[in-house]
$ cat upload_12.tsv   # TSV, C-alpha atoms (C1' of nucleotides) and all ligand atoms
chain	number	residue	atom	x	y	z
O	2	MET	CA	1.54	6.67	-66.45
O	3	ASN	CA	-0.61	7.54	-69.44
O	4	THR	CA	-3.94	9.14	-68.57
O	5	GLU	CA	-5.98	6.92	-70.86
O	6	THR	CA	-4.62	3.81	-69.12
O	7	ILE	CA	-5.70	5.24	-65.79
O	8	ARG	CA	-9.13	6.10	-67.11
O	9	ASN	CA	-9.45	2.49	-68.23
O	10	ILE	CA	-8.51	1.16	-64.82
O	11	LEU	CA	-11.34	3.22	-63.37
O	12	ARG	CA	-13.83	2.11	-66.01
O	13	LYS	CA	-12.79	-1.52	-65.54
O	14	HIS	CA	-13.91	-1.21	-61.93
O	15	SER	CA	-17.04	0.75	-62.89
O	16	LEU	CA	-15.93	3.89	-61.17
O	17	LYS	CA	-16.82	7.18	-62.77
O	18	VAL	CA	-13.83	8.90	-64.28
O	19	THR	CA	-13.33	12.14	-62.37
O	20	PRO	CA	-10.32	14.45	-62.34
O	21	ILE	CA	-9.60	13.72	-58.70
O	22	ARG	CA	-9.67	9.98	-59.17
O	23	VAL	CA	-7.37	10.15	-62.15
O	24	GLN	CA	-4.89	12.31	-60.30
O	25	VAL	CA	-4.91	10.24	-57.13
O	26	LEU	CA	-4.45	7.03	-59.04
O	27	ASN	CA	-1.65	8.63	-60.97
O	28	VAL	CA	0.13	9.63	-57.78
O	29	LEU	CA	-0.17	6.14	-56.35
O	30	LEU	CA	0.97	4.46	-59.55
O	31	ASP	CA	4.02	6.73	-59.57
O	32	SER	CA	5.16	5.90	-56.07
O	33	ARG	CA	7.51	3.12	-55.03
O	34	VAL	CA	6.34	3.47	-51.43
O	35	ALA	CA	3.04	3.56	-49.62
O	36	LEU	CA	1.69	7.09	-49.16
O	37	SER	CA	-0.27	8.79	-46.41
O	38	HIS	CA	-3.27	11.02	-46.95
O	39	ALA	CA	-0.94	13.97	-46.35
O	40	ASP	CA	1.69	12.65	-48.80
O	41	ILE	CA	-0.93	12.32	-51.50
O	42	THR	CA	-2.34	15.77	-50.81
O	43	GLU	CA	1.14	17.28	-51.21
O	44	ARG	CA	1.73	15.52	-54.49
O	45	LEU	CA	-1.58	16.76	-55.85
O	46	ASP	CA	-0.61	20.34	-55.25
O	47	GLY	CA	-1.72	22.91	-57.65
O	48	GLU	CA	-5.17	21.36	-57.49
O	49	HIS	CA	-6.98	21.79	-54.22
O	50	VAL	CA	-8.57	18.55	-53.09
O	51	ASP	CA	-10.92	18.36	-50.15
O	52	LYS	CA	-9.65	16.03	-47.45
O	53	VAL	CA	-12.95	14.17	-47.14
O	54	THR	CA	-13.11	13.61	-50.87
O	55	LEU	CA	-9.61	12.22	-50.80
O	56	TYR	CA	-10.44	9.83	-47.97
O	57	ARG	CA	-13.54	8.71	-49.81
O	58	THR	CA	-11.61	8.25	-53.03
O	59	LEU	CA	-9.02	6.12	-51.28
O	60	ASN	CA	-11.68	4.04	-49.56
O	61	HIS	CA	-13.41	3.49	-52.88
O	62	PHE	CA	-10.19	2.30	-54.46
O	63	CYS	CA	-9.66	-0.05	-51.52
O	64	GLU	CA	-13.15	-1.53	-51.83
O	65	LYS	CA	-12.54	-2.14	-55.51
O	66	ASN	CA	-9.18	-3.69	-54.70
O	67	ILE	CA	-7.28	-1.27	-56.86
O	68	ILE	CA	-5.20	-0.25	-53.87
O	69	HIS	CA	-4.77	-1.42	-50.28
O	70	LYS	CA	-3.90	0.25	-47.01
O	71	VAL	CA	-1.24	-0.53	-44.46
O	72	ALA	CA	-0.75	1.09	-41.06
O	73	ASN	CA	2.54	2.83	-40.35
O	74	GLU	CA	4.26	2.85	-36.98
O	75	GLU	CA	2.11	5.77	-35.82
O	76	ARG	CA	-0.92	3.73	-36.81
O	77	ASN	CA	-1.98	6.04	-39.58
O	78	TRP	CA	-3.04	4.58	-42.90
O	79	LEU	CA	-0.71	4.51	-45.86
O	80	TYR	CA	-2.07	3.65	-49.28
O	81	ALA	CA	-0.43	1.68	-52.08
O	82	ILE	CA	-1.33	0.26	-55.45
O	83	HIS	CA	-1.72	-3.51	-55.44
O	84	ILE	CA	1.46	-5.04	-56.73
O	85	ASP	CA	0.21	-7.04	-59.66
O	86	ASP	CA	3.27	-8.41	-61.40
O	87	GLU	CA	3.72	-11.86	-62.89
O	88	THR	CA	5.86	-13.02	-59.96
O	89	HIS	CA	3.00	-12.46	-57.60
O	90	PRO	CA	-0.43	-13.49	-58.82
O	91	GLU	CA	-2.11	-14.18	-55.46
O	92	PRO	CA	-4.64	-11.84	-53.97
O	93	ASP	CA	-4.94	-10.30	-50.55
O	94	HIS	CA	-2.19	-10.35	-47.99
O	95	ALA	CA	0.28	-12.49	-49.89
O	96	HIS	CA	2.98	-9.88	-49.70
O	97	ALA	CA	5.15	-8.38	-46.99
O	98	HIS	CA	5.66	-4.81	-45.93
O	99	PHE	CA	9.13	-3.50	-45.40
O	100	ILE	CA	9.34	-0.63	-42.92
O	101	CYS	CA	12.56	1.36	-42.88
O	102	ASP	CA	13.29	2.13	-39.23
O	103	ASP	CA	15.21	5.24	-40.27
O	104	CYS	CA	13.13	7.08	-42.88
O	105	GLU	CA	9.92	5.23	-42.00
O	106	ARG	CA	9.03	4.61	-45.62
O	107	ILE	CA	7.01	1.48	-46.26
O	108	TYR	CA	7.56	-0.72	-49.31
O	109	CYS	CA	5.40	-3.58	-50.58
O	110	PHE	CA	7.41	-6.75	-51.25
O	111	PRO	CA	6.25	-9.86	-53.00
O	112	LEU	CA	6.75	-12.92	-50.80
O	113	THR	CA	8.23	-16.19	-51.91
O	114	ARG	CA	5.81	-19.01	-51.37
O	115	GLU	CA	8.05	-20.90	-48.96
O	116	ALA	CA	8.42	-17.87	-46.72
O	117	GLY	CA	4.71	-17.25	-46.90
O	118	SER	CA	3.71	-20.72	-45.81
O	119	SER	CA	6.29	-21.27	-43.09
O	120	VAL	CA	4.27	-20.20	-40.09
O	121	GLN	CA	1.18	-22.33	-40.48
O	122	THR	CA	0.47	-24.46	-37.46
O	123	VAL	CA	2.02	-22.59	-34.62
O	124	LYS	CA	-0.21	-23.53	-31.76
O	125	GLN	CA	-2.67	-26.32	-31.12
O	126	GLY	CA	-6.27	-25.37	-31.67
O	127	PHE	CA	-5.63	-22.17	-33.60
O	128	LEU	CA	-6.46	-22.15	-37.30
O	129	VAL	CA	-4.27	-19.84	-39.36
O	130	THR	CA	-5.81	-18.79	-42.66
O	131	ASN	CA	-3.75	-15.80	-43.56
O	132	GLN	CA	-0.77	-13.81	-42.43
O	133	GLU	CA	0.72	-10.42	-42.50
O	134	ILE	CA	4.45	-9.91	-42.39
O	135	ARG	CA	6.08	-6.63	-41.49
O	136	LEU	CA	9.82	-6.55	-42.04
O	137	HIS	CA	11.82	-3.91	-40.19
O	138	GLY	CA	15.27	-2.73	-41.19
O	139	LEU	CA	17.03	-0.21	-43.38
O	140	CYS	CA	16.10	0.69	-46.92
O	141	PRO	CA	18.83	1.15	-49.57
O	142	SER	CA	19.04	4.92	-49.09
O	143	CYS	CA	19.35	4.71	-45.31
O	144	GLN	CA	22.28	2.29	-44.97
T	24	MET	CA	-0.99	-13.92	-9.09
T	25	ASN	CA	0.26	-13.18	-5.59
T	26	THR	CA	0.49	-9.48	-4.74
T	27	GLU	CA	3.98	-9.66	-3.28
T	28	THR	CA	5.27	-11.15	-6.55
T	29	ILE	CA	3.75	-8.23	-8.43
T	30	ARG	CA	5.25	-5.72	-6.01
T	31	ASN	CA	8.61	-7.32	-6.64
T	32	ILE	CA	8.25	-7.03	-10.41
T	33	LEU	CA	7.66	-3.32	-9.95
T	34	ARG	CA	10.60	-2.90	-7.58
T	35	LYS	CA	12.86	-4.87	-9.93
T	36	HIS	CA	12.18	-2.21	-12.55
T	37	SER	CA	12.53	0.63	-10.03
T	38	LEU	CA	8.93	1.66	-10.31
T	39	LYS	CA	7.18	2.87	-7.20
T	40	VAL	CA	4.65	0.41	-5.92
T	41	THR	CA	1.25	2.04	-6.13
T	42	PRO	CA	-2.20	0.48	-5.87
T	43	ILE	CA	-3.00	1.27	-9.49
T	44	ARG	CA	0.18	-0.28	-10.80
T	45	VAL	CA	-0.34	-3.42	-8.80
T	46	GLN	CA	-3.90	-3.79	-10.01
T	47	VAL	CA	-3.10	-3.12	-13.65
T	48	LEU	CA	-0.22	-5.55	-13.64
T	49	ASN	CA	-2.44	-8.09	-11.99
T	50	VAL	CA	-5.07	-7.72	-14.71
T	51	LEU	CA	-2.49	-8.12	-17.46
T	52	LEU	CA	-0.84	-11.12	-15.83
T	53	ASP	CA	-4.25	-12.76	-15.56
T	54	SER	CA	-5.14	-12.42	-19.21
T	55	ARG	CA	-4.42	-14.88	-22.00
T	56	VAL	CA	-5.08	-12.17	-24.60
T	57	ALA	CA	-3.93	-8.64	-25.21
T	58	LEU	CA	-6.21	-6.04	-23.61
T	59	SER	CA	-7.33	-2.58	-24.64
T	60	HIS	CA	-7.42	0.44	-22.37
T	61	ALA	CA	-11.18	-0.10	-22.13
T	62	ASP	CA	-10.80	-3.82	-21.36
T	63	ILE	CA	-8.42	-3.03	-18.53
T	64	THR	CA	-10.67	-0.31	-17.15
T	65	GLU	CA	-13.57	-2.76	-17.02
T	66	ARG	CA	-11.56	-5.36	-15.21
T	67	LEU	CA	-10.46	-2.83	-12.61
T	68	ASP	CA	-13.98	-1.99	-11.72
T	69	GLY	CA	-14.79	-1.28	-8.19
T	70	GLU	CA	-11.79	1.02	-8.12
T	71	HIS	CA	-12.13	4.15	-10.19
T	72	VAL	CA	-8.99	4.74	-12.27
T	73	ASP	CA	-8.45	7.90	-14.23
T	74	LYS	CA	-7.98	7.22	-17.94
T	75	VAL	CA	-4.86	9.35	-18.19
T	76	THR	CA	-3.28	7.61	-15.26
T	77	LEU	CA	-4.01	4.27	-16.87
T	78	TYR	CA	-2.44	5.35	-20.16
T	79	ARG	CA	0.60	6.62	-18.31
T	80	THR	CA	0.86	3.43	-16.30
T	81	LEU	CA	0.73	1.33	-19.45
T	82	ASN	CA	3.31	3.50	-21.18
T	83	HIS	CA	5.59	3.21	-18.17
T	84	PHE	CA	5.32	-0.56	-18.22
T	85	CYS	CA	6.13	-0.53	-21.93
T	86	GLU	CA	9.22	1.62	-21.45
T	87	LYS	CA	10.42	-0.76	-18.77
T	88	ASN	CA	9.68	-3.70	-21.04
T	89	ILE	CA	7.34	-5.33	-18.58
T	90	ILE	CA	4.61	-5.28	-21.19
T	91	HIS	CA	4.34	-4.45	-24.89
T	92	LYS	CA	1.63	-3.06	-27.13
T	93	VAL	CA	0.17	-4.35	-30.35
T	94	ALA	CA	-2.32	-2.62	-32.61
T	95	ASN	CA	-5.63	-4.33	-33.28
T	96	GLU	CA	-7.47	-4.17	-36.61
T	97	GLU	CA	-9.01	-0.82	-35.67
T	98	ARG	CA	-5.51	0.41	-34.98
T	99	ASN	CA	-6.07	0.88	-31.28
T	100	TRP	CA	-3.44	-0.30	-28.84
T	101	LEU	CA	-3.79	-3.55	-26.98
T	102	TYR	CA	-1.44	-4.32	-24.11
T	103	ALA	CA	0.06	-7.65	-23.08
T	104	ILE	CA	2.63	-8.97	-20.64
T	105	HIS	CA	5.86	-10.05	-22.28
T	106	ILE	CA	5.76	-13.77	-22.73
T	107	ASP	CA	8.82	-14.88	-20.82
T	108	ASP	CA	8.82	-18.65	-20.82
T	109	GLU	CA	11.81	-20.96	-21.26
T	110	THR	CA	10.84	-21.75	-24.86
T	111	HIS	CA	11.21	-18.14	-25.80
T	112	PRO	CA	14.21	-16.36	-24.33
T	113	GLU	CA	14.72	-13.71	-27.02
T	114	PRO	CA	13.73	-10.12	-26.51
T	115	ASP	CA	11.69	-7.76	-28.62
T	116	HIS	CA	9.58	-8.81	-31.55
T	117	ALA	CA	10.53	-12.46	-31.64
T	118	HIS	CA	6.96	-13.61	-31.29
T	119	ALA	CA	3.90	-13.59	-33.49
T	120	HIS	CA	0.46	-12.20	-32.88
T	121	PHE	CA	-2.56	-14.29	-33.65
T	122	ILE	CA	-5.67	-12.28	-34.50
T	123	CYS	CA	-8.98	-14.14	-34.46
T	124	ASP	CA	-10.97	-12.80	-37.41
T	125	ASP	CA	-14.19	-13.65	-35.60
T	126	CYS	CA	-13.89	-12.49	-31.99
T	127	GLU	CA	-10.96	-10.15	-32.73
T	128	ARG	CA	-9.01	-11.31	-29.70
T	129	ILE	CA	-5.24	-11.12	-30.07
T	130	TYR	CA	-2.92	-13.76	-28.63
T	131	CYS	CA	0.88	-13.63	-28.32
T	132	PHE	CA	2.57	-16.73	-29.72
T	133	PRO	CA	6.18	-17.74	-29.35
T	134	LEU	CA	7.79	-18.29	-32.75
T	135	THR	CA	9.91	-21.24	-33.73
T	136	ARG	CA	13.34	-20.10	-34.83
T	137	GLU	CA	13.03	-21.51	-38.34
T	138	ALA	CA	9.79	-19.61	-38.94
T	139	GLY	CA	11.32	-16.47	-37.51
T	140	SER	CA	14.34	-16.49	-39.76
T	141	SER	CA	12.68	-17.53	-43.00
T	142	VAL	CA	12.08	-14.13	-44.50
T	143	GLN	CA	15.51	-12.62	-44.29
T	144	THR	CA	16.80	-11.44	-47.63
T	145	VAL	CA	13.72	-10.69	-49.61
T	146	LYS	CA	14.90	-7.93	-51.86
T	147	GLN	CA	18.31	-6.68	-52.98
T	148	GLY	CA	19.53	-3.65	-51.10
T	149	PHE	CA	17.12	-3.89	-48.19
T	150	LEU	CA	18.52	-4.92	-44.82
T	151	VAL	CA	16.05	-6.78	-42.63
T	152	THR	CA	16.87	-6.68	-38.93
T	153	ASN	CA	13.61	-7.63	-37.37
T	154	GLN	CA	10.15	-8.78	-38.24
T	155	GLU	CA	6.64	-8.75	-37.03
T	156	ILE	CA	4.24	-11.52	-37.90
T	157	ARG	CA	0.50	-11.21	-37.61
T	158	LEU	CA	-1.38	-14.45	-38.09
T	159	HIS	CA	-5.05	-14.27	-38.98
T	160	GLY	CA	-7.53	-17.06	-38.50
T	161	LEU	CA	-9.88	-18.55	-35.96
T	162	CYS	CA	-9.15	-19.10	-32.29
T	163	PRO	CA	-10.22	-22.33	-30.58
T	164	SER	CA	-13.50	-20.90	-29.28
T	165	CYS	CA	-14.53	-19.50	-32.68
T	166	GLN	CA	-14.20	-22.63	-34.83
E	15	DA	C1'	7.54	8.42	13.80
E	16	DT	C1'	8.05	12.86	10.92
E	17	DG	C1'	9.26	15.63	7.22
E	18	DC	C1'	11.02	16.12	2.51
E	19	DT	C1'	10.92	15.59	-2.32
E	20	DA	C1'	10.61	13.54	-6.67
E	21	DA	C1'	7.34	10.89	-8.79
E	22	DA	C1'	2.50	9.62	-9.45
E	23	DT	C1'	-2.25	10.92	-9.80
E	24	DG	C1'	-6.59	13.39	-11.36
E	25	DC	C1'	-8.93	16.67	-13.93
E	26	DA	C1'	-9.64	19.69	-17.88
E	27	DA	C1'	-8.33	20.93	-22.15
E	28	DC	C1'	-6.29	19.63	-26.30
E	29	DT	C1'	-4.80	17.00	-30.78
E	30	DA	C1'	-5.41	14.86	-35.04
E	31	DA	C1'	-6.91	11.04	-38.15
E	32	DG	C1'	-10.72	9.71	-39.94
E	33	DT	C1'	-16.06	9.80	-40.44
E	34	DT	C1'	-20.91	11.52	-41.11
E	35	DG	C1'	-24.63	14.46	-42.94
E	36	DC	C1'	-26.26	17.27	-46.26
E	37	DA	C1'	-26.57	20.51	-50.04
E	38	DA	C1'	-24.43	21.64	-54.55
E	39	DA	C1'	-22.05	20.03	-58.67
E	40	DT	C1'	-21.10	16.71	-62.32
E	41	DA	C1'	-20.24	12.20	-65.19
E	42	DA	C1'	-22.66	8.84	-67.64
E	43	DT	C1'	-26.47	7.55	-70.23
E	44	DA	C1'	-30.50	8.22	-73.16
D	3	DT	C1'	-29.86	18.41	-74.07
D	4	DA	C1'	-32.22	16.71	-70.10
D	5	DT	C1'	-32.19	13.30	-66.32
D	6	DT	C1'	-30.39	11.14	-62.39
D	7	DA	C1'	-27.40	8.61	-59.58
D	8	DT	C1'	-22.90	9.51	-58.04
D	9	DT	C1'	-19.44	12.46	-56.51
D	10	DT	C1'	-17.76	16.52	-54.33
D	11	DG	C1'	-17.11	20.16	-50.66
D	12	DC	C1'	-17.92	22.11	-46.37
D	13	DA	C1'	-18.96	21.95	-41.47
D	14	DA	C1'	-19.56	19.39	-37.67
D	15	DC	C1'	-18.49	15.34	-35.22
D	16	DT	C1'	-15.96	11.23	-33.05
D	17	DT	C1'	-12.65	9.08	-30.31
D	18	DA	C1'	-8.00	7.28	-28.87
D	19	DG	C1'	-4.46	9.11	-26.96
D	20	DT	C1'	-1.63	13.28	-25.11
D	21	DT	C1'	-0.33	17.59	-22.52
D	22	DG	C1'	-0.30	20.90	-18.69
D	23	DC	C1'	-0.81	21.81	-14.15
D	24	DA	C1'	-2.22	21.54	-9.41
D	25	DT	C1'	-2.63	18.03	-5.73
D	26	DT	C1'	-1.32	13.80	-3.50
D	27	DT	C1'	1.66	10.11	-2.15
D	28	DA	C1'	5.64	6.46	-2.00
D	29	DG	C1'	10.12	6.07	-0.61
D	30	DC	C1'	13.73	7.63	1.84
D	31	DA	C1'	16.46	10.37	5.33
D	32	DT	C1'	16.51	12.30	9.54
Q	1	MN	MN	1.34	-3.57	-49.55
Q	2	MN	MN	2.69	-9.86	-28.10
Q	3	ZN	ZN	14.97	4.45	-45.23
Q	4	ZN	ZN	-12.06	-16.00	-31.70
$ encode --input "upload_12.tsv" --output "structure tokens"
Amino acid sequence: MNTETIRNILRKHSLKVTPIRVQVLNVLLDSRVALSHADITERLDGEHVDKVTLYRTLNHFCEKNIIHKVANEERNWLYAIHIDDETHPEPDHAHAHFICDDCERIYCFPLTREAGSSVQTVKQGFLVTNQEIRLHGLCPSCQ
Amino acid sequence: MNTETIRNILRKHSLKVTPIRVQVLNVLLDSRVALSHADITERLDGEHVDKVTLYRTLNHFCEKNIIHKVANEERNWLYAIHIDDETHPEPDHAHAHFICDDCERIYCFPLTREAGSSVQTVKQGFLVTNQEIRLHGLCPSCQ
DNA sequence: ATGCTAAATGCAACTAAGTTGCAAATAATA
DNA sequence: TATTATTTGCAACTTAGTTGCATTTAGCAT
């Protein structure tokens, strides 16, 4: 993705435009799957980025809702751009995560509304306001 | 729950019957919600239990499928007995977890079959074999 | 009952993801 | 160009969970 577009995303969220932020955002925009801190560090190579700075950058992006985090099976955070396409205008957790049980990659999937609203009143006395769906299986390259 | 019943659960899974195992299983059988390592330690008080022994006990129970673990919002493990009632004869992940956004307690819920099978073919090329549903909201005592 | 042995326990040290504190550098604005 | 709030980098810290190893014990055979 074009650097100026990325710079504008940052400005839109009133974040200072710094080289690290541009590069990290670029890496995340380029990826079809959610990435770990280590994944991102690798893909930034050439440039040395301090691990704390990277964590803080990712947390900033999360607070601004530019990206979100999802835990993998080892319970480490993976980071992904918010899917923001026409088919999926809702905020927050209105999408599913697909976890490949072979390669362990995690993909963000938009959810159809009917699927999303199917598990509403499961048990008397509990009020469900939101849900998180994690789909397990095999991704195209692992079948 | 009666101690002899607990001893029999252990024997059924060819685990040696030890005081710690009996007590831990008793604590888990008594709880309506999933418990952390710290929660369990508290409820064992009187008896001192080494933290490593407790972790190993819990992992043993998981391997034998007597209990299962679920991550809380801080990504620490909580442990719960497998719900094993008539309404829910399937193995593995065929139940949902309800997370109270106020008190953070986690409950295991059986899932109706229709809800469980609603999110099957979400995206071309991805094979879904299993799913995990985390419901967020308010539990009865937090509304 | 007694002894034997594989499994369970307890303690200390370790691991690794993520955070905190603070001093030095820098982007935005005037 | 100067000012200042924000960002960065480094070191130290935190904490859940694991590993290694010596000691103890449950279950079983004699
Ligand atoms: Mn996602
Ligand atoms: Mn459960
Ligand atoms: Zn895969
Ligand atoms: Zn509650």
$ interface_residues --input "upload_12.tsv" --of "chain T" --to "chain D" --cutoff "8 Å" --atoms "only C-alpha atoms (C1' of nucleotides)" --output "ChimeraX atom specification"
/T:39-41,99
$ residues_near_point --input "upload_12.tsv" --point "(-6.4, 0.4, -49.0)" --cutoff "7 Å" --atoms "only C-alpha atoms (C1' of nucleotides)" --output "list in words"
Leu59, Asn60, Phe62, Cys63, Ile68, His69, Lys70, Val71, Tyr80 and Ala81 of chain O
$ interface_residues --input "upload_12.tsv" --of "chain E" --to "chain T" --cutoff "10 Å" --atoms "all atoms listed in the file" --output "number ranges by chain"
E: 21-25
$ interface_residues --input "upload_12.tsv" --of "chain O" --to "chain T" --cutoff "10 Å" --atoms "all atoms listed in the file" --output "number ranges by chain"
O: 72-78, 97-102, 110-113, 115-121, 123-144
$ closest_residue --input "upload_12.tsv" --among "O:Val34, O:Leu26, O:Asn9, O:Ala39" --to "ligand ZN 3 (chain Q)" --atoms "only C-alpha atoms and all ligand atoms"
O:Val34
